[in-house]
$ cat protein27.csv   # CSV, N, CA, C and O atoms
chain,number,residue,atom,x,y,z
A,9,MET,N,21.7,-33.5,36.8
A,9,MET,CA,22.4,-32.8,35.7
A,9,MET,C,21.4,-32.4,34.6
A,9,MET,O,21.5,-31.3,34.1
A,10,ILE,N,20.6,-33.4,34.2
A,10,ILE,CA,19.6,-33.1,33.1
A,10,ILE,C,18.6,-32.1,33.5
A,10,ILE,O,18.2,-31.2,32.7
A,11,ARG,N,18.2,-32.1,34.8
A,11,ARG,CA,17.2,-31.1,35.3
A,11,ARG,C,17.9,-29.7,35.2
A,11,ARG,O,17.2,-28.8,34.9
A,12,LYS,N,19.1,-29.6,35.6
A,12,LYS,CA,19.8,-28.3,35.5
A,12,LYS,C,19.8,-27.8,34.1
A,12,LYS,O,19.6,-26.6,33.9
A,13,LEU,N,20.2,-28.7,33.2
A,13,LEU,CA,20.2,-28.3,31.8
A,13,LEU,C,18.8,-27.8,31.3
A,13,LEU,O,18.7,-26.9,30.5
A,14,ALA,N,17.8,-28.6,31.6
A,14,ALA,CA,16.5,-28.3,31.2
A,14,ALA,C,16.0,-26.9,31.8
A,14,ALA,O,15.4,-26.1,31.2
A,15,LEU,N,16.3,-26.7,33.1
A,15,LEU,CA,16.0,-25.5,33.8
A,15,LEU,C,16.7,-24.3,33.1
A,15,LEU,O,16.2,-23.2,32.9
A,16,LEU,N,18.0,-24.5,32.8
A,16,LEU,CA,18.8,-23.4,32.1
A,16,LEU,C,18.2,-23.1,30.7
A,16,LEU,O,18.1,-22.0,30.3
A,17,ALA,N,17.9,-24.2,30.0
A,17,ALA,CA,17.3,-24.0,28.7
A,17,ALA,C,16.0,-23.2,28.7
A,17,ALA,O,15.7,-22.3,28.0
A,18,GLY,N,15.1,-23.6,29.7
A,18,GLY,CA,13.8,-22.9,29.9
A,18,GLY,C,14.0,-21.4,30.3
A,18,GLY,O,13.3,-20.6,29.8
A,19,ALA,N,15.0,-21.2,31.2
A,19,ALA,CA,15.3,-19.8,31.6
A,19,ALA,C,15.8,-19.0,30.4
A,19,ALA,O,15.4,-17.8,30.2
A,20,GLY,N,16.6,-19.6,29.6
A,20,GLY,CA,17.1,-18.9,28.4
A,20,GLY,C,16.0,-18.6,27.4
A,20,GLY,O,15.9,-17.5,26.8
A,21,PHE,N,15.1,-19.6,27.2
A,21,PHE,CA,13.9,-19.4,26.3
A,21,PHE,C,13.1,-18.2,26.8
A,21,PHE,O,12.7,-17.4,26.0
A,22,LEU,N,12.8,-18.2,28.1
A,22,LEU,CA,11.9,-17.1,28.6
A,22,LEU,C,12.6,-15.7,28.5
A,22,LEU,O,12.0,-14.7,28.2
A,23,ALA,N,13.9,-15.7,28.8
A,23,ALA,CA,14.7,-14.5,28.7
A,23,ALA,C,14.6,-14.0,27.2
A,23,ALA,O,14.5,-12.8,27.0
A,24,LYS,N,14.8,-14.9,26.3
A,24,LYS,CA,14.8,-14.5,24.9
A,24,LYS,C,13.4,-13.9,24.5
A,24,LYS,O,13.3,-12.9,23.8
A,25,LYS,N,12.3,-14.5,25.0
A,25,LYS,CA,11.0,-14.0,24.7
A,25,LYS,C,10.8,-12.6,25.3
A,25,LYS,O,10.2,-11.7,24.6
A,26,LEU,N,11.3,-12.4,26.5
A,26,LEU,CA,11.1,-11.1,27.1
A,26,LEU,C,11.9,-10.0,26.4
A,26,LEU,O,11.5,-8.9,26.1
A,27,PHE,N,13.2,-10.4,26.0
A,27,PHE,CA,14.0,-9.4,25.2
A,27,PHE,C,13.4,-9.1,23.9
A,27,PHE,O,13.4,-7.9,23.4
A,28,ASP,N,12.9,-10.1,23.2
A,28,ASP,CA,12.2,-9.9,21.9
A,28,ASP,C,11.0,-9.0,22.0
A,28,ASP,O,10.8,-8.1,21.2
A,29,ARG,N,10.3,-9.2,23.0
A,29,ARG,CA,9.1,-8.3,23.2
A,29,ARG,C,9.4,-6.9,23.5
A,29,ARG,O,8.8,-6.0,23.0
A,30,SER,N,10.5,-6.6,24.3
A,30,SER,CA,10.9,-5.3,24.6
A,30,SER,C,11.5,-4.6,23.3
A,30,SER,O,11.3,-3.4,23.1
A,31,ARG,N,12.1,-5.4,22.5
A,31,ARG,CA,12.7,-4.9,21.2
A,31,ARG,C,11.5,-4.5,20.3
A,31,ARG,O,11.6,-3.4,19.6
A,32,GLU,N,10.5,-5.3,20.2
A,32,GLU,CA,9.3,-4.9,19.4
A,32,GLU,C,8.6,-3.7,19.9
A,32,GLU,O,8.2,-2.8,19.1
A,33,ASP,N,8.6,-3.5,21.2
A,33,ASP,CA,7.9,-2.3,21.8
A,33,ASP,C,8.7,-1.0,21.4
A,33,ASP,O,8.2,0.0,21.1
A,34,LYS,N,10.1,-1.1,21.4
A,34,LYS,CA,10.9,0.0,21.0
A,34,LYS,C,10.8,0.3,19.5
A,34,LYS,O,10.7,1.5,19.1
A,35,ALA,N,10.7,-0.7,18.7
A,35,ALA,CA,10.5,-0.5,17.3
A,35,ALA,C,9.2,0.1,16.9
A,35,ALA,O,9.1,0.9,15.9
A,36,ALA,N,8.2,-0.2,17.7
A,36,ALA,CA,6.8,0.4,17.4
A,36,ALA,C,6.7,1.9,17.7
A,36,ALA,O,6.0,2.6,17.0
A,37,SER,N,7.5,2.3,18.6
A,37,SER,CA,7.4,3.8,18.9
A,37,SER,C,8.2,4.5,17.9
A,37,SER,O,9.2,4.1,17.4
A,38,SER,N,7.7,5.7,17.5
A,38,SER,CA,8.4,6.5,16.5
A,38,SER,C,9.6,7.2,17.0
A,38,SER,O,9.6,7.7,18.1
A,39,PRO,N,10.7,7.3,16.2
A,39,PRO,CA,11.9,8.0,16.7
A,39,PRO,C,11.7,9.5,16.7
A,39,PRO,O,10.9,10.0,15.9
A,40,GLY,N,12.4,10.2,17.5
A,40,GLY,CA,12.4,11.6,17.5
A,40,GLY,C,11.2,12.2,18.1
A,40,GLY,O,10.6,11.6,19.0
A,41,HIS,N,10.8,13.4,17.8
A,41,HIS,CA,9.7,14.1,18.3
A,41,HIS,C,8.8,14.5,17.2
A,41,HIS,O,9.1,14.6,16.1
A,42,ARG,N,7.5,14.8,17.6
A,42,ARG,CA,6.5,15.3,16.6
A,42,ARG,C,6.5,16.8,16.6
A,42,ARG,O,6.4,17.4,17.7
A,43,PRO,N,6.7,17.5,15.5
A,43,PRO,CA,6.7,18.9,15.4
A,43,PRO,C,5.3,19.4,15.5
A,43,PRO,O,4.6,19.6,14.5
A,44,THR,N,4.8,19.7,16.7
A,44,THR,CA,3.4,20.1,16.9
A,44,THR,C,3.1,21.5,16.3
A,44,THR,O,2.0,21.7,15.9
A,45,ASP,N,4.1,22.4,16.1
A,45,ASP,CA,3.9,23.6,15.5
A,45,ASP,C,3.6,23.5,14.0
A,45,ASP,O,3.0,24.4,13.4
A,46,LEU,N,4.1,22.5,13.4
A,46,LEU,CA,3.9,22.3,12.0
A,46,LEU,C,2.8,21.2,11.6
A,46,LEU,O,2.7,20.9,10.5
A,47,SER,N,2.1,20.7,12.6
A,47,SER,CA,1.2,19.6,12.3
A,47,SER,C,-0.1,20.1,11.7
A,47,SER,O,-0.9,19.4,11.3
A,48,GLY,N,-0.4,21.4,11.8
A,48,GLY,CA,-1.6,22.0,11.2
A,48,GLY,C,-1.5,22.2,9.7
A,48,GLY,O,-0.5,21.8,9.1
A,49,ASP,N,-2.6,22.7,9.1
A,49,ASP,CA,-2.6,22.9,7.7
A,49,ASP,C,-1.9,24.2,7.3
A,49,ASP,O,-1.5,24.3,6.1
A,50,ARG,N,-1.7,25.1,8.2
A,50,ARG,CA,-1.0,26.4,7.8
A,50,ARG,C,0.3,26.4,8.6
A,50,ARG,O,0.5,25.8,9.6
A,51,HIS,N,1.2,27.2,8.0
A,51,HIS,CA,2.5,27.5,8.6
A,51,HIS,C,2.3,28.4,9.8
A,51,HIS,O,1.4,29.2,9.8
A,52,PRO,N,3.0,28.3,10.9
A,52,PRO,CA,2.7,29.0,12.2
A,52,PRO,C,2.7,30.5,12.0
A,52,PRO,O,1.8,31.2,12.6
A,53,ASP,N,3.5,31.1,11.1
A,53,ASP,CA,3.5,32.6,11.0
A,53,ASP,C,2.7,33.0,9.7
A,53,ASP,O,2.7,34.2,9.4
A,54,GLY,N,2.1,32.1,9.0
A,54,GLY,CA,1.3,32.4,7.9
A,54,GLY,C,2.1,32.4,6.5
A,54,GLY,O,1.5,32.5,5.5
A,55,SER,N,3.4,32.3,6.6
A,55,SER,CA,4.1,32.3,5.3
A,55,SER,C,4.4,30.8,4.9
A,55,SER,O,4.0,29.9,5.6
A,56,SER,N,5.0,30.7,3.8
A,56,SER,CA,5.3,29.3,3.3
A,56,SER,C,6.8,29.0,3.3
A,56,SER,O,7.3,28.1,2.8
A,57,ARG,N,7.6,29.9,3.9
A,57,ARG,CA,9.1,29.8,3.9
A,57,ARG,C,9.6,29.3,5.2
A,57,ARG,O,9.0,29.5,6.3
A,58,ALA,N,10.7,28.6,5.2
A,58,ALA,CA,11.4,28.1,6.4
A,58,ALA,C,12.0,29.3,7.2
A,58,ALA,O,12.2,30.4,6.6
A,59,ASP,N,12.2,29.1,8.4
A,59,ASP,CA,12.9,30.1,9.2
A,59,ASP,C,14.3,30.5,8.6
A,59,ASP,O,14.9,29.6,7.9
A,60,GLU,N,14.7,31.7,8.7
A,60,GLU,CA,15.9,32.1,8.0
A,60,GLU,C,17.1,31.3,8.4
A,60,GLU,O,18.0,31.1,7.5
A,61,HIS,N,17.3,30.9,9.6
A,61,HIS,CA,18.5,30.1,9.9
A,61,HIS,C,18.4,28.7,9.4
A,61,HIS,O,19.4,28.0,9.5
A,62,PHE,N,17.3,28.2,8.8
A,62,PHE,CA,17.2,26.9,8.1
A,62,PHE,C,17.4,27.1,6.6
A,62,PHE,O,17.5,26.1,5.9
A,63,ARG,N,17.4,28.3,6.1
A,63,ARG,CA,17.6,28.4,4.6
A,63,ARG,C,19.1,28.4,4.2
A,63,ARG,O,19.9,29.0,4.9
A,64,PRO,N,19.4,27.8,3.1
A,64,PRO,CA,20.8,27.8,2.7
A,64,PRO,C,21.2,29.2,2.2
A,64,PRO,O,20.4,29.9,1.7
A,65,ASP,N,22.5,29.5,2.3
A,65,ASP,CA,23.0,30.7,1.8
A,65,ASP,C,23.4,30.6,0.3
A,65,ASP,O,24.4,29.9,0.1
A,66,PRO,N,22.7,31.2,-0.6
A,66,PRO,CA,23.1,30.9,-2.0
A,66,PRO,C,24.4,31.6,-2.4
A,66,PRO,O,24.9,31.3,-3.5
A,67,THR,N,24.9,32.6,-1.6
A,67,THR,CA,26.1,33.3,-2.0
A,67,THR,C,27.3,32.7,-1.3
A,67,THR,O,28.4,33.2,-1.4
A,68,ALA,N,27.2,31.6,-0.5
A,68,ALA,CA,28.3,31.0,0.2
A,68,ALA,C,29.2,30.4,-0.8
A,68,ALA,O,28.8,29.9,-1.8
A,69,THR,N,30.5,30.4,-0.4
A,69,THR,CA,31.5,29.8,-1.3
A,69,THR,C,31.5,28.3,-1.0
A,69,THR,O,31.3,27.8,0.1
A,70,VAL,N,31.8,27.5,-2.0
A,70,VAL,CA,31.9,26.1,-1.9
A,70,VAL,C,33.4,25.7,-1.9
A,70,VAL,O,34.2,26.1,-2.7
A,71,SER,N,33.7,24.8,-0.9
A,71,SER,CA,35.1,24.4,-0.7
A,71,SER,C,35.5,23.5,-1.9
A,71,SER,O,34.7,22.9,-2.6
A,72,ALA,N,36.8,23.4,-2.1
A,72,ALA,CA,37.3,22.6,-3.2
A,72,ALA,C,37.0,21.1,-3.1
A,72,ALA,O,36.7,20.5,-4.0
A,73,SER,N,37.0,20.6,-1.8
A,73,SER,CA,36.7,19.2,-1.6
A,73,SER,C,35.2,18.9,-1.9
A,73,SER,O,34.9,17.9,-2.4
A,74,ASP,N,34.3,19.9,-1.6
A,74,ASP,CA,32.9,19.7,-1.9
A,74,ASP,C,32.7,19.8,-3.4
A,74,ASP,O,31.9,19.0,-3.9
A,75,ARG,N,33.4,20.7,-4.1
A,75,ARG,CA,33.2,20.8,-5.5
A,75,ARG,C,33.7,19.5,-6.2
A,75,ARG,O,33.1,19.0,-7.1
A,76,GLU,N,34.8,18.9,-5.7
A,76,GLU,CA,35.3,17.7,-6.2
A,76,GLU,C,34.4,16.5,-6.0
A,76,GLU,O,34.2,15.7,-6.8
A,77,SER,N,33.8,16.5,-4.8
A,77,SER,CA,32.8,15.4,-4.5
A,77,SER,C,31.6,15.5,-5.4
A,77,SER,O,30.9,14.5,-5.6
A,78,LEU,N,31.2,16.6,-5.9
A,78,LEU,CA,30.0,16.8,-6.8
A,78,LEU,C,30.3,16.7,-8.2
A,78,LEU,O,29.4,16.6,-9.1
A,79,ARG,N,31.6,16.5,-8.6
A,79,ARG,CA,32.0,16.4,-10.0
A,79,ARG,C,31.6,15.1,-10.5
A,79,ARG,O,31.7,14.0,-9.9
A,80,PRO,N,31.0,15.0,-11.7
A,80,PRO,CA,30.6,13.7,-12.3
A,80,PRO,C,31.8,12.8,-12.6
A,80,PRO,O,32.8,13.3,-12.9
A,81,VAL,N,31.5,11.6,-12.5
A,81,VAL,CA,32.6,10.6,-12.8
A,81,VAL,C,32.7,10.5,-14.3
A,81,VAL,O,31.7,10.3,-15.0
A,82,THR,N,33.9,10.7,-14.8
A,82,THR,CA,34.1,10.5,-16.2
A,82,THR,C,35.1,9.4,-16.5
A,82,THR,O,36.2,9.3,-15.8
A,83,MET,N,34.8,8.6,-17.4
A,83,MET,CA,35.7,7.4,-17.7
A,83,MET,C,35.7,7.3,-19.2
A,83,MET,O,34.7,7.7,-19.9
A,84,PRO,N,36.7,6.7,-19.7
A,84,PRO,CA,36.7,6.5,-21.2
A,84,PRO,C,35.6,5.4,-21.5
A,84,PRO,O,35.3,4.5,-20.7
A,85,ALA,N,35.1,5.5,-22.7
A,85,ALA,CA,34.0,4.6,-23.1
A,85,ALA,C,34.6,3.2,-23.2
A,85,ALA,O,35.7,3.0,-23.7
A,86,PRO,N,33.9,2.2,-22.9
A,86,PRO,CA,34.4,0.8,-23.0
A,86,PRO,C,34.5,0.4,-24.4
A,86,PRO,O,33.7,0.8,-25.3
A,87,HIS,N,35.4,-0.4,-24.8
A,87,HIS,CA,35.6,-0.9,-26.1
A,87,HIS,C,34.9,-2.2,-26.3
A,87,HIS,O,34.8,-3.0,-25.4
A,88,ASP,N,34.4,-2.4,-27.5
A,88,ASP,CA,33.7,-3.7,-27.8
A,88,ASP,C,34.3,-4.3,-29.0
A,88,ASP,O,34.2,-3.7,-30.1
A,89,PRO,N,35.0,-5.3,-29.0
A,89,PRO,CA,35.4,-6.2,-27.9
A,89,PRO,C,36.6,-5.6,-27.1
A,89,PRO,O,37.3,-4.7,-27.7
A,90,PRO,N,36.8,-6.0,-25.9
A,90,PRO,CA,37.9,-5.4,-25.1
A,90,PRO,C,39.3,-5.5,-25.8
A,90,PRO,O,39.6,-6.6,-26.4
A,91,GLY,N,40.1,-4.5,-25.6
A,91,GLY,CA,41.4,-4.6,-26.1
A,91,GLY,C,41.6,-4.1,-27.5
A,91,GLY,O,42.7,-4.1,-28.1
A,92,VAL,N,40.5,-3.7,-28.2
A,92,VAL,CA,40.6,-3.2,-29.6
A,92,VAL,C,40.9,-1.8,-29.6
A,92,VAL,O,40.5,-1.0,-28.9
$ encode --input "protein27.csv" --output "structure tokens"
Amino acid sequence: MIRKLALLAGAGFLAKKLFDRSREDKAASSPGHRPTDLSGDRHPDGSSRADEHFRPDPTATVSASDRESLRPVTMPAPHDPPGV
């Protein structure tokens, strides 16, 4: 019985070490991909602007919910001492 428990504990320890090592390997690799066309010193087409489909439309209308989410929070000033 004690041998079985010791063997099970040893197997659990080794499995944990293997899983931790694989997790470290995944964390070391960078997420996503590397933009090779932008890795140089110059923009690919010689300009300094983003592609047109990546630029925001300055004439687009803003929805009411977006406008409300950008509104600053306004609250009455706190009284000192409270209740006065």
$ atom_distance --input "protein27.csv" --atom1 "atom C of His41 in chain A" --atom2 "atom O of Lys25 in chain A"
27.3 Å
$ select_by_dssp --input "protein27.csv" --residues "range 9-83 of chain A" --states "helix (DSSP H, G or I)" --output "tab-separated table (two decimals) with N, CA, C and O atoms, keeping the file's coordinate frame"
chain	number	residue	atom	x	y	z
A	10	ILE	N	20.60	-33.40	34.20
A	10	ILE	CA	19.60	-33.10	33.10
A	10	ILE	C	18.60	-32.10	33.50
A	10	ILE	O	18.20	-31.20	32.70
A	11	ARG	N	18.20	-32.10	34.80
A	11	ARG	CA	17.20	-31.10	35.30
A	11	ARG	C	17.90	-29.70	35.20
A	11	ARG	O	17.20	-28.80	34.90
A	12	LYS	N	19.10	-29.60	35.60
A	12	LYS	CA	19.80	-28.30	35.50
A	12	LYS	C	19.80	-27.80	34.10
A	12	LYS	O	19.60	-26.60	33.90
A	13	LEU	N	20.20	-28.70	33.20
A	13	LEU	CA	20.20	-28.30	31.80
A	13	LEU	C	18.80	-27.80	31.30
A	13	LEU	O	18.70	-26.90	30.50
A	14	ALA	N	17.80	-28.60	31.60
A	14	ALA	CA	16.50	-28.30	31.20
A	14	ALA	C	16.00	-26.90	31.80
A	14	ALA	O	15.40	-26.10	31.20
A	15	LEU	N	16.30	-26.70	33.10
A	15	LEU	CA	16.00	-25.50	33.80
A	15	LEU	C	16.70	-24.30	33.10
A	15	LEU	O	16.20	-23.20	32.90
A	16	LEU	N	18.00	-24.50	32.80
A	16	LEU	CA	18.80	-23.40	32.10
A	16	LEU	C	18.20	-23.10	30.70
A	16	LEU	O	18.10	-22.00	30.30
A	17	ALA	N	17.90	-24.20	30.00
A	17	ALA	CA	17.30	-24.00	28.70
A	17	ALA	C	16.00	-23.20	28.70
A	17	ALA	O	15.70	-22.30	28.00
A	18	GLY	N	15.10	-23.60	29.70
A	18	GLY	CA	13.80	-22.90	29.90
A	18	GLY	C	14.00	-21.40	30.30
A	18	GLY	O	13.30	-20.60	29.80
A	19	ALA	N	15.00	-21.20	31.20
A	19	ALA	CA	15.30	-19.80	31.60
A	19	ALA	C	15.80	-19.00	30.40
A	19	ALA	O	15.40	-17.80	30.20
A	20	GLY	N	16.60	-19.60	29.60
A	20	GLY	CA	17.10	-18.90	28.40
A	20	GLY	C	16.00	-18.60	27.40
A	20	GLY	O	15.90	-17.50	26.80
A	21	PHE	N	15.10	-19.60	27.20
A	21	PHE	CA	13.90	-19.40	26.30
A	21	PHE	C	13.10	-18.20	26.80
A	21	PHE	O	12.70	-17.40	26.00
A	22	LEU	N	12.80	-18.20	28.10
A	22	LEU	CA	11.90	-17.10	28.60
A	22	LEU	C	12.60	-15.70	28.50
A	22	LEU	O	12.00	-14.70	28.20
A	23	ALA	N	13.90	-15.70	28.80
A	23	ALA	CA	14.70	-14.50	28.70
A	23	ALA	C	14.60	-14.00	27.20
A	23	ALA	O	14.50	-12.80	27.00
A	24	LYS	N	14.80	-14.90	26.30
A	24	LYS	CA	14.80	-14.50	24.90
A	24	LYS	C	13.40	-13.90	24.50
A	24	LYS	O	13.30	-12.90	23.80
A	25	LYS	N	12.30	-14.50	25.00
A	25	LYS	CA	11.00	-14.00	24.70
A	25	LYS	C	10.80	-12.60	25.30
A	25	LYS	O	10.20	-11.70	24.60
A	26	LEU	N	11.30	-12.40	26.50
A	26	LEU	CA	11.10	-11.10	27.10
A	26	LEU	C	11.90	-10.00	26.40
A	26	LEU	O	11.50	-8.90	26.10
A	27	PHE	N	13.20	-10.40	26.00
A	27	PHE	CA	14.00	-9.40	25.20
A	27	PHE	C	13.40	-9.10	23.90
A	27	PHE	O	13.40	-7.90	23.40
A	28	ASP	N	12.90	-10.10	23.20
A	28	ASP	CA	12.20	-9.90	21.90
A	28	ASP	C	11.00	-9.00	22.00
A	28	ASP	O	10.80	-8.10	21.20
A	29	ARG	N	10.30	-9.20	23.00
A	29	ARG	CA	9.10	-8.30	23.20
A	29	ARG	C	9.40	-6.90	23.50
A	29	ARG	O	8.80	-6.00	23.00
A	30	SER	N	10.50	-6.60	24.30
A	30	SER	CA	10.90	-5.30	24.60
A	30	SER	C	11.50	-4.60	23.30
A	30	SER	O	11.30	-3.40	23.10
A	31	ARG	N	12.10	-5.40	22.50
A	31	ARG	CA	12.70	-4.90	21.20
A	31	ARG	C	11.50	-4.50	20.30
A	31	ARG	O	11.60	-3.40	19.60
A	32	GLU	N	10.50	-5.30	20.20
A	32	GLU	CA	9.30	-4.90	19.40
A	32	GLU	C	8.60	-3.70	19.90
A	32	GLU	O	8.20	-2.80	19.10
A	33	ASP	N	8.60	-3.50	21.20
A	33	ASP	CA	7.90	-2.30	21.80
A	33	ASP	C	8.70	-1.00	21.40
A	33	ASP	O	8.20	0.00	21.10
A	34	LYS	N	10.10	-1.10	21.40
A	34	LYS	CA	10.90	0.00	21.00
A	34	LYS	C	10.80	0.30	19.50
A	34	LYS	O	10.70	1.50	19.10
A	35	ALA	N	10.70	-0.70	18.70
A	35	ALA	CA	10.50	-0.50	17.30
A	35	ALA	C	9.20	0.10	16.90
A	35	ALA	O	9.10	0.90	15.90
A	36	ALA	N	8.20	-0.20	17.70
A	36	ALA	CA	6.80	0.40	17.40
A	36	ALA	C	6.70	1.90	17.70
A	36	ALA	O	6.00	2.60	17.00
A	44	THR	N	4.80	19.70	16.70
A	44	THR	CA	3.40	20.10	16.90
A	44	THR	C	3.10	21.50	16.30
A	44	THR	O	2.00	21.70	15.90
A	45	ASP	N	4.10	22.40	16.10
A	45	ASP	CA	3.90	23.60	15.50
A	45	ASP	C	3.60	23.50	14.00
A	45	ASP	O	3.00	24.40	13.40
A	46	LEU	N	4.10	22.50	13.40
A	46	LEU	CA	3.90	22.30	12.00
A	46	LEU	C	2.80	21.20	11.60
A	46	LEU	O	2.70	20.90	10.50
A	60	GLU	N	14.70	31.70	8.70
A	60	GLU	CA	15.90	32.10	8.00
A	60	GLU	C	17.10	31.30	8.40
A	60	GLU	O	18.00	31.10	7.50
A	61	HIS	N	17.30	30.90	9.60
A	61	HIS	CA	18.50	30.10	9.90
A	61	HIS	C	18.40	28.70	9.40
A	61	HIS	O	19.40	28.00	9.50
A	62	PHE	N	17.30	28.20	8.80
A	62	PHE	CA	17.20	26.90	8.10
A	62	PHE	C	17.40	27.10	6.60
A	62	PHE	O	17.50	26.10	5.90
A	72	ALA	N	36.80	23.40	-2.10
A	72	ALA	CA	37.30	22.60	-3.20
A	72	ALA	C	37.00	21.10	-3.10
A	72	ALA	O	36.70	20.50	-4.00
A	73	SER	N	37.00	20.60	-1.80
A	73	SER	CA	36.70	19.20	-1.60
A	73	SER	C	35.20	18.90	-1.90
A	73	SER	O	34.90	17.90	-2.40
A	74	ASP	N	34.30	19.90	-1.60
A	74	ASP	CA	32.90	19.70	-1.90
A	74	ASP	C	32.70	19.80	-3.40
A	74	ASP	O	31.90	19.00	-3.90
A	75	ARG	N	33.40	20.70	-4.10
A	75	ARG	CA	33.20	20.80	-5.50
A	75	ARG	C	33.70	19.50	-6.20
A	75	ARG	O	33.10	19.00	-7.10
A	76	GLU	N	34.80	18.90	-5.70
A	76	GLU	CA	35.30	17.70	-6.20
A	76	GLU	C	34.40	16.50	-6.00
A	76	GLU	O	34.20	15.70	-6.80
A	77	SER	N	33.80	16.50	-4.80
A	77	SER	CA	32.80	15.40	-4.50
A	77	SER	C	31.60	15.50	-5.40
A	77	SER	O	30.90	14.50	-5.60
A	78	LEU	N	31.20	16.60	-5.90
A	78	LEU	CA	30.00	16.80	-6.80
A	78	LEU	C	30.30	16.70	-8.20
A	78	LEU	O	29.40	16.60	-9.10
$ atom_distance --input "protein27.csv" --atom1 "atom O of Arg79 in chain A" --atom2 "atom O of Asp59 in chain A"
29.0 Å
